[in-house]
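Chemist: Encoded as structure tokens, here's the structure I'll be asking about.
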Amino acid sequence: MLTPLPFWQDQWFAFRMHWKRRRYRARAIARARDLTCLKRGPRWGRGAILLFCTIRNEIERIDWFLHHYRALGVGHFIFVDNASTDGTRAHLLAQPDATVYATEASYKRARFGMDWINWLMLRHARGHWCVVADADELLIYPHWQTRPLRALTDWLDAQGQPALPSMMLELYPKGPLDQAACHPGIDPVQALNWFDAGNYTITHKPLLDCLLVQGGPRARCFFAQTPERAPTLTKLPLIRWNWHNAWVNSTHSILPRHLNRQFATDGGEGVSGLLLHTKFLATVVEKAKIEKARGEHFGNAAVFDSYYDTVAEAPDLWCAQSTRYEGWQQMEDLGLMSRGGWA
Amino acid sequence: MNATATGTLGIVMLCHTALRRAAQVARFWLEAGCPVVIHLDRAVPAAEAQAMRDDLGSHPLLAFGPRHRCDWGSWHLVAATQDACDLLLRQFPQVGHVLLTSGACLPLRPATDMQAYLAAHPQTDFIESVAIEHATWTMGGLSEERFTLYFPFNWHKQRWAFDQFVEVQRKLRIRREIPRPLRPHMGSQWWCLTRATLSAILNDPKRKRYERYFRRNWIPDESYFQTLARMHARAIESRSLTLVKFDRNGRPNLFYDDHLHLLRRSDCFMARKIWPEANRLYDFFLSDAARKLPPVAPEPAKIDRYFELAERQRTQGRAGLYMQSRFPGIDSSASKTAGPYSVFSGFDHMFEHFEHWLGQVTGTRPHGHLYAPERVQFHGGAKVWHGAISDSAAIRDYNPRMFLTNLLWATRGERQCFAYGPEDTMDHEVNWFMATDTNAEIHVIRGAWVLGLWQRAEISESVVAEAGRLHRREQDWLEILQSRWRMARLQVWSVADIRHAPELALKKAVSEIADPVALTAHGTAPLRPLDGFDAYLLALRNAGLAPQVFKNFQGDARR
């Protein structure tokens with residue numbers, strides 16, 4: 001439950017975060033030199049919904065990713081390709097509605113890609129509704145099959161709500177992880193159709209005024225002894241961008257602080273979505289070995305070695321209480337997302 | 001003027017956005033032979049207005065009214081309607097009924113259905129018109145004051161000034177006089193009036209006087225015609241033929257493609273407001289697609305229920321749910337957990353196979369000590385419980401409060417019973433949470449932890465130290481439970497009480513959840529044999545434990 005902060009502490013936090021935001025924007029501008037534009041897509045028009053994505057070696061997911069978001073009504077894709085070697089780059093360059101930037105620089109040194117995204121959004125996203133998602137994240141929201149993103153953004157505009165709060169829902173297969181093969185162009189949710197329905201814990205972080213949601217299969221299986229290290233699951237994947245915004249920690253939190261408060265505190269429910277996280281396709285096992293060696297994904301990478309080791313052994317995340325994915329109505333019934341007042 | 005008997009339906013459309021859709025609807029009416037007068041907001045750019053005119057072309061039944069700039073709730077909306085109606089009545093003498101619609105309205109039934117319906121009620125005015133003393137739905141508590149105060153400020157753009165000015169007028173007791181013989185009425189701004197009534201309103205000898213008055217009212221478009229119709233109409237049916245669903249902010253809910261099945265069940269002729277990109281709705285209702293499908297019986301209650309449910313979800317939420325878009329502040333939600341649950345403290349130490357017995361008489365799956373230090377003792381020793389809640393003590397202790405709320409949420413509909421006591425990882429926050437939760441039912445046997453100790457270990461220095469620790473913990477917990485902020489139902493016994501009348505206590509503890517038949521069939525759980533316990537107590541006391549601990553074991557501790 002939410003306890004309000006004392007006034008002066010709140011002011012102090014706001015002051016600190018104000019300067020943090022300026023620092024991050026300065027960093028983003030400085031890191032702009034990492035990026036080279038390989039292809040500039042056609043003009044996307046003033047009202048278009050843009051999608052920003054940092055990507056590396058996602059050839060088996062990219063087709064469905066593009067298909068999913070095009071169907072939702074994304075008008076233009078802006079990719080940062082971070083040194084892909086499996087043909088992802090060429091594939092992206094072939095897309096008619098994509099702008100592609102490339103960089104060989106360190107993902108970690110660019111604050112896990114957020115400096116690049118901050119820069120590109122500063123440059124392109126002003127005033128647009130934007131989706132910011134990784135290649136393994138598929139955004140869904142109430143009525144998503146019948147109402148395109150534009151319907152949601154129109155409604156959010158009418159409500160004066162600048163972002164859609166979402167949670168990452170980790171999907172996993174039944175059986176060892178290296179069994180869930182997925183071919184390009186196929187919905188990965190078909191291979192990964194199990195999830196944890198209700199083991200998520202929420203902590204309110206007063207400094208950023210955001211919610212920290214943790215839990216899910218990774219907390220259950222890999223971080224059972226150190227749950228505080230379990231990955232953060234809150235995200236703001238859909239946001240109306242203002243030039244002075246800056247992402248802090250992936251898309252988990254943003255500055256200015258008030259943008260993080262997209263949850264209802266009056267006892268009611270706001271509208272929310274879900275990011276279906278399709279990380280655990282068969283390739284995750286191979287990638288775990290590579291990522292462990294690269295050490296580009298966590299601040300204190302050594303601590304997560306054991307996590308990579310476990311994933312590399314292709315464990316089974318499925319348990320007797322796993323739930324099979326059936327669609328958004330089921331997600332809403334389970335309280336994993338909500339239509340809020342969007343009837 | 002006997003055109004009313006045979007007249008057709010005339011349409012007045014107020015448009016300001018999504019003109020493509022408005023044109024589509026206008027064409028629908030024109031094809032059905034209904035004259036249409038379109039009012040284009042003056043804010044519409046000339047190019048767009050021209051595009052719409054070009055789109056519709058010239059049609060003998062189509063006319064464009066004089067343009068006004070219509071802000072929400074302003075007088076100009078009424079003026080625009082008046083001018084358009086005037087034009088319609090003058091230019092198309094065949095019109096018998098006039099339907100006021102907006103560019104975002106969509107006809108739900110074929111035009112012929114509506115014409116037939118109106119032909120069957122040639123003298124009836126369909127206008128929602130409620131006397132202000134009965135209008136309870138108004139926003140911001142302004143109902144009668146809409147008619148008696150001045151409103152020079154815009155509610156949307158100058159909210160602060162608007163509120164202050166209302167407040168000042170209330171303090172100064174300012175009351176504008178309502179011109180006689182008006183009796184203020186309010187209602188939906190979308191109506192369908194007969195030619196007779198409408199021309200009587202427009203040609204009222206006191207029209208100038210009324211206009212001067214309504215011009216200063218707040219939201220006159222919801223009261224001007226509604227009030228005047230009461231004076232001039234012969235037969236009013238006080239309902240709107242247009243379906244509008246308002247949200248809690250007084251804005252109309254939008255209809256999307258997936259509302260098609262709901263809209264088909266409406267008993268209204270029109271619906272507002274439609275999302276302009278809802279292709280399926282426009283395609284369906286503006287074509288004869290509905291005729292090809294088997295007819296459905298009108299069920300307007302279904303629509304009401306659907307939107308009420310969504311509204312309730314927004315305002316009250318689902319009790320006991322904590323998620324990324326619902327995180328209630330302290331005391332801001334009616335219920336902190338998803339359902340009632342029972343906490344038993346010390347019963348497993350006092351009674352043989354208590355857990356098993358509890359399951360038998362209540363038909364539930366009782367857990368052991370959910371907060372046991374080593375691991376979560378789910379029912380039957382399960383490793384994971386509903387919702388994939390792990391039995392890891394570390395995960396539970398990372399957020400012990402949400403462990404409980406998650407468990408109760410994941411097992412909605414199934415009563416949860418579990419053991420809890422000082423030997424568990426007692427979290428101060430969880431203790432307060434349960435004590436102040438109306439869903440909690442807590443039964444405590446004070447001092448029963450000593451029996452646990454006795455069953456576990458011989459007396460030693462460390463055991464005495466632990467006993468002291470457990471005693472302090474129990475004291476803290478009871479203090480919280482017996483504080484004046486407690487909302488949980490609470491029953492406290494001492495060990496002596498239980499030894500004195502075990503069956504009575506047990507029956508009382510489970511009285512609310514046990515099945516009486518099962519209770520008779522299975523009887524009560526037997527007390528554990530306590531041979532040698534008194535000697536153990538004596539030894540503990542001699543080892544230097546505080547005398548308060550032993551009160552629980554003396555018969556006279558009972559009150």
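By convention in this document, the chains of the structure tokens carry letters A, B, ... by their order, each chain's residues are numbered from 1, and ligands are numbered from 1 in the order they are shown.
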Could you tell me which residues of chain B sit within 7 Å of chain A when counting only C-alpha atoms, and give me the result as a ChimeraX atom specification?
Modeler: /B:257-258,307,310-311,313-317,321,323-330,332-333,384-390,392,394-395,398-399,402,406,410
Chemist: Could you give me, as a ChimeraX atom specification, the residues within 8 Å of Trp328 in chain A, counting only C-alpha atoms and dropping anything in the same chain fewer than 4 positions from it?
Modeler: /A:140-144,332
Chemist: With C-alpha atoms retained, write the just-selected residues as an mmCIF file, in the first residue's frame.
Modeler:
data_model
loop_
_atom_site.group_PDB
_atom_site.id
_atom_site.type_symbol
_atom_site.label_atom_id
_atom_site.label_comp_id
_atom_site.auth_asym_id
_atom_site.auth_seq_id
_atom_site.Cartn_x
_atom_site.Cartn_y
_atom_site.Cartn_z
ATOM 1 C CA ILE A 140 -1.074 -6.363 -25.630
ATOM 2 C CA TYR A 141 -3.809 -4.367 -23.917
ATOM 3 C CA PRO A 142 -7.542 -4.760 -23.339
ATOM 4 C CA HIS A 143 -9.428 -5.286 -26.621
ATOM 5 C CA TRP A 144 -6.162 -5.287 -28.568
ATOM 6 C CA GLU A 332 -7.825 -9.343 -17.105
#
Chemist: List as a PyMOL selection string the protein and nucleic acid residues near range 35-41 of chain B, meaning an atom at most 8 Å away when only C-alpha atoms are counted, but skip any in the same chain fewer than 2 places from it.
Modeler: chain B and resi 9-16+26+29-30+33+43-44+49+61-70+80-81+84-85+87-88+92+95
Chemist: Residues within 12 Å of range 170-179 of chain B, please, as a ChimeraX atom specification. Count only C-alpha atoms; anything in the same chain fewer than 4 positions from it doesn't count.
Modeler: /B:142,144-151,163-166,183-185,206-214,216-217,227-228
Chemist: Which residue gives the smallest distance to Glu299 in chain B among B:Ala509, B:Phe285, B:Asp247, B:Arg265, with only C-alpha atoms counted?
Modeler: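 Comparing B:Ala509, B:Phe285, B:Asp247, B:Arg265 against Glu299 in chain B, the winner is B:Arg265.
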Chemist: Out of range 79-215 of chain B, which residues get helix (DSSP H, G or I) from DSSP, as a PyMOL selection string?
Modeler: chain B and resi 79-91+111-120+132-134+139-141+145-148+159-171+195-202+207-215
Chemist: Output C-alpha atoms for every residue in the selection just made, as a CSV table (one decimal), in the first residue's frame.
Modeler:
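This went into result-v4.csv:
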chain,number,residue,atom,x,y,z
B,79,ALA,CA,-27.9,28.9,-31.6
B,80,ALA,CA,-26.5,26.5,-34.2
B,81,THR,CA,-29.3,24.1,-33.6
B,82,GLN,CA,-32.0,26.8,-33.8
B,83,ASP,CA,-30.6,28.1,-37.1
B,84,ALA,CA,-30.3,24.7,-38.6
B,85,CYS,CA,-33.8,23.7,-37.4
B,86,ASP,CA,-35.2,26.9,-38.8
B,87,LEU,CA,-33.6,26.2,-42.1
B,88,LEU,CA,-34.9,22.6,-42.1
B,89,LEU,CA,-38.5,23.5,-41.3
B,90,ARG,CA,-38.6,26.3,-43.9
B,91,GLN,CA,-36.9,24.5,-46.7
B,111,ALA,CA,-34.1,4.6,-41.6
B,112,THR,CA,-37.4,3.0,-42.6
B,113,ASP,CA,-37.8,1.5,-39.1
B,114,MET,CA,-37.3,4.8,-37.5
B,115,GLN,CA,-39.8,6.5,-39.9
B,116,ALA,CA,-42.3,3.8,-39.3
B,117,TYR,CA,-41.9,4.3,-35.5
B,118,LEU,CA,-42.4,8.0,-35.8
B,119,ALA,CA,-45.3,7.6,-38.1
B,120,ALA,CA,-46.9,5.5,-35.4
B,132,ILE,CA,-34.2,19.9,-12.0
B,133,GLU,CA,-35.3,18.8,-8.6
B,134,HIS,CA,-35.2,15.3,-9.9
B,139,MET,CA,-21.6,16.8,-12.6
B,140,GLY,CA,-20.1,18.9,-9.8
B,141,GLY,CA,-23.3,19.1,-7.9
B,145,GLU,CA,-27.7,26.5,-9.8
B,146,ARG,CA,-27.2,26.1,-13.6
B,147,PHE,CA,-30.3,28.2,-13.9
B,148,THR,CA,-29.8,30.7,-11.1
B,159,ARG,CA,-11.8,25.8,-14.3
B,160,TRP,CA,-10.3,27.7,-11.3
B,161,ALA,CA,-12.1,31.0,-12.2
B,162,PHE,CA,-15.3,29.0,-12.9
B,163,ASP,CA,-15.2,27.3,-9.5
B,164,GLN,CA,-14.3,30.5,-7.6
B,165,PHE,CA,-17.0,32.5,-9.3
B,166,VAL,CA,-19.6,29.9,-8.4
B,167,GLU,CA,-18.4,29.9,-4.8
B,168,VAL,CA,-18.5,33.7,-4.6
B,169,GLN,CA,-22.1,33.8,-6.0
B,170,ARG,CA,-23.1,31.2,-3.5
B,171,LYS,CA,-21.7,33.2,-0.7
B,195,ARG,CA,-42.6,20.1,-36.4
B,196,ALA,CA,-45.4,21.6,-34.3
B,197,THR,CA,-43.4,21.7,-31.1
B,198,LEU,CA,-40.2,22.8,-32.7
B,199,SER,CA,-41.9,25.6,-34.6
B,200,ALA,CA,-43.7,26.7,-31.5
B,201,ILE,CA,-40.4,26.9,-29.7
B,202,LEU,CA,-38.7,28.8,-32.5
B,207,ARG,CA,-38.1,33.8,-27.7
B,208,LYS,CA,-35.7,36.8,-27.4
B,209,ARG,CA,-36.4,37.1,-23.6
B,210,TYR,CA,-35.7,33.3,-23.1
B,211,GLU,CA,-32.6,33.5,-25.2
B,212,ARG,CA,-31.2,36.3,-23.1
B,213,TYR,CA,-31.8,34.2,-20.1
B,214,PHE,CA,-30.4,30.8,-21.4
B,215,ARG,CA,-27.4,32.5,-22.9
Chemist: Contacts of Leu66 in chain A at 12 Å or less, counting only C-alpha atoms, minus same-chain residues fewer than 6 places along, as a VMD selection string?
Modeler: chain A and resid 51 to 53 58 to 60 72 to 79 91 to 92 95 to 98 133 to 139 184 to 187
Chemist: Select from range 190-295 of chain B everything DSSP, run on the backbone, classes as strand (DSSP E or B), then give the selection as a PyMOL selection string.
Modeler: chain B and resi 192-194+235-237+242-244+246+252+255+270-272+274
Chemist: Could the residues in this selection be written to a file with C-alpha atoms, as a PDB file, in the first residue's frame?
Modeler:
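The resulting file, again-v1.pdb, is reproduced below:
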ATOM      1  CA  CYS B 192     -36.442  14.198 -31.716  1.00  0.00           C
ATOM      2  CA  LEU B 193     -39.227  16.820 -31.776  1.00  0.00           C
ATOM      3  CA  THR B 194     -42.330  17.215 -33.918  1.00  0.00           C
ATOM      4  CA  ALA B 235     -47.207  14.601 -25.719  1.00  0.00           C
ATOM      5  CA  ILE B 236     -43.709  14.209 -24.365  1.00  0.00           C
ATOM      6  CA  GLU B 237     -42.015  10.877 -24.096  1.00  0.00           C
ATOM      7  CA  THR B 242     -30.030   8.346 -28.921  1.00  0.00           C
ATOM      8  CA  LEU B 243     -28.008   6.004 -26.754  1.00  0.00           C
ATOM      9  CA  VAL B 244     -25.248   7.780 -24.836  1.00  0.00           C
ATOM     10  CA  PHE B 246     -21.376   8.707 -19.856  1.00  0.00           C
ATOM     11  CA  PRO B 252     -19.553  10.085 -23.406  1.00  0.00           C
ATOM     12  CA  PHE B 255     -18.193   2.781 -29.066  1.00  0.00           C
ATOM     13  CA  MET B 270     -29.080   6.148 -32.626  1.00  0.00           C
ATOM     14  CA  ALA B 271     -25.839   5.710 -30.704  1.00  0.00           C
ATOM     15  CA  ARG B 272     -23.255   8.260 -29.660  1.00  0.00           C
ATOM     16  CA  ILE B 274     -18.668   6.266 -32.254  1.00  0.00           C
TER      17      ILE B 274
END
Chemist: So that I can see what lies close to Met121 in chain A, please list as number ranges by chain the residues with an atom at most 10 Å from it, counting only C-alpha atoms and leaving out residues fewer than 2 positions away in the same chain.
Modeler: A: 28, 50-52, 78, 115-119, 123-126, 128, 130, 132, 241-243, 245-247
Chemist: For Leu538 in chain B, which of B:Glu277, B:Val450, B:Pro516, B:Phe351 is the closest residue, counting only C-alpha atoms?
Modeler: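 The shortest atom-to-atom distance to Leu538 in chain B comes from B:Val450.
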Chemist: So which one's closest to His18 in chain A, A:Ala312, A:Val284, A:Val248, A:Leu169? Using only C-alpha atoms, please.
Modeler: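 The answer is A:Val248, which sits nearest to His18 in chain A.
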Chemist: Figure out the distance between CA of Asp316 in chain A and CA of Pro176 in chain A, please, to one decimal in Å.
Modeler: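 Interatomic distance here is 4.3 Å.
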Chemist: Please determine, counting only C-alpha atoms, which residue among A:Gly41, A:Pro173, A:Pro6, A:Gly113 has the shortest atom-to-atom distance to Asn249 in chain A.
Modeler: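 Smallest separation from Asn249 in chain A among the options: A:Gly113.
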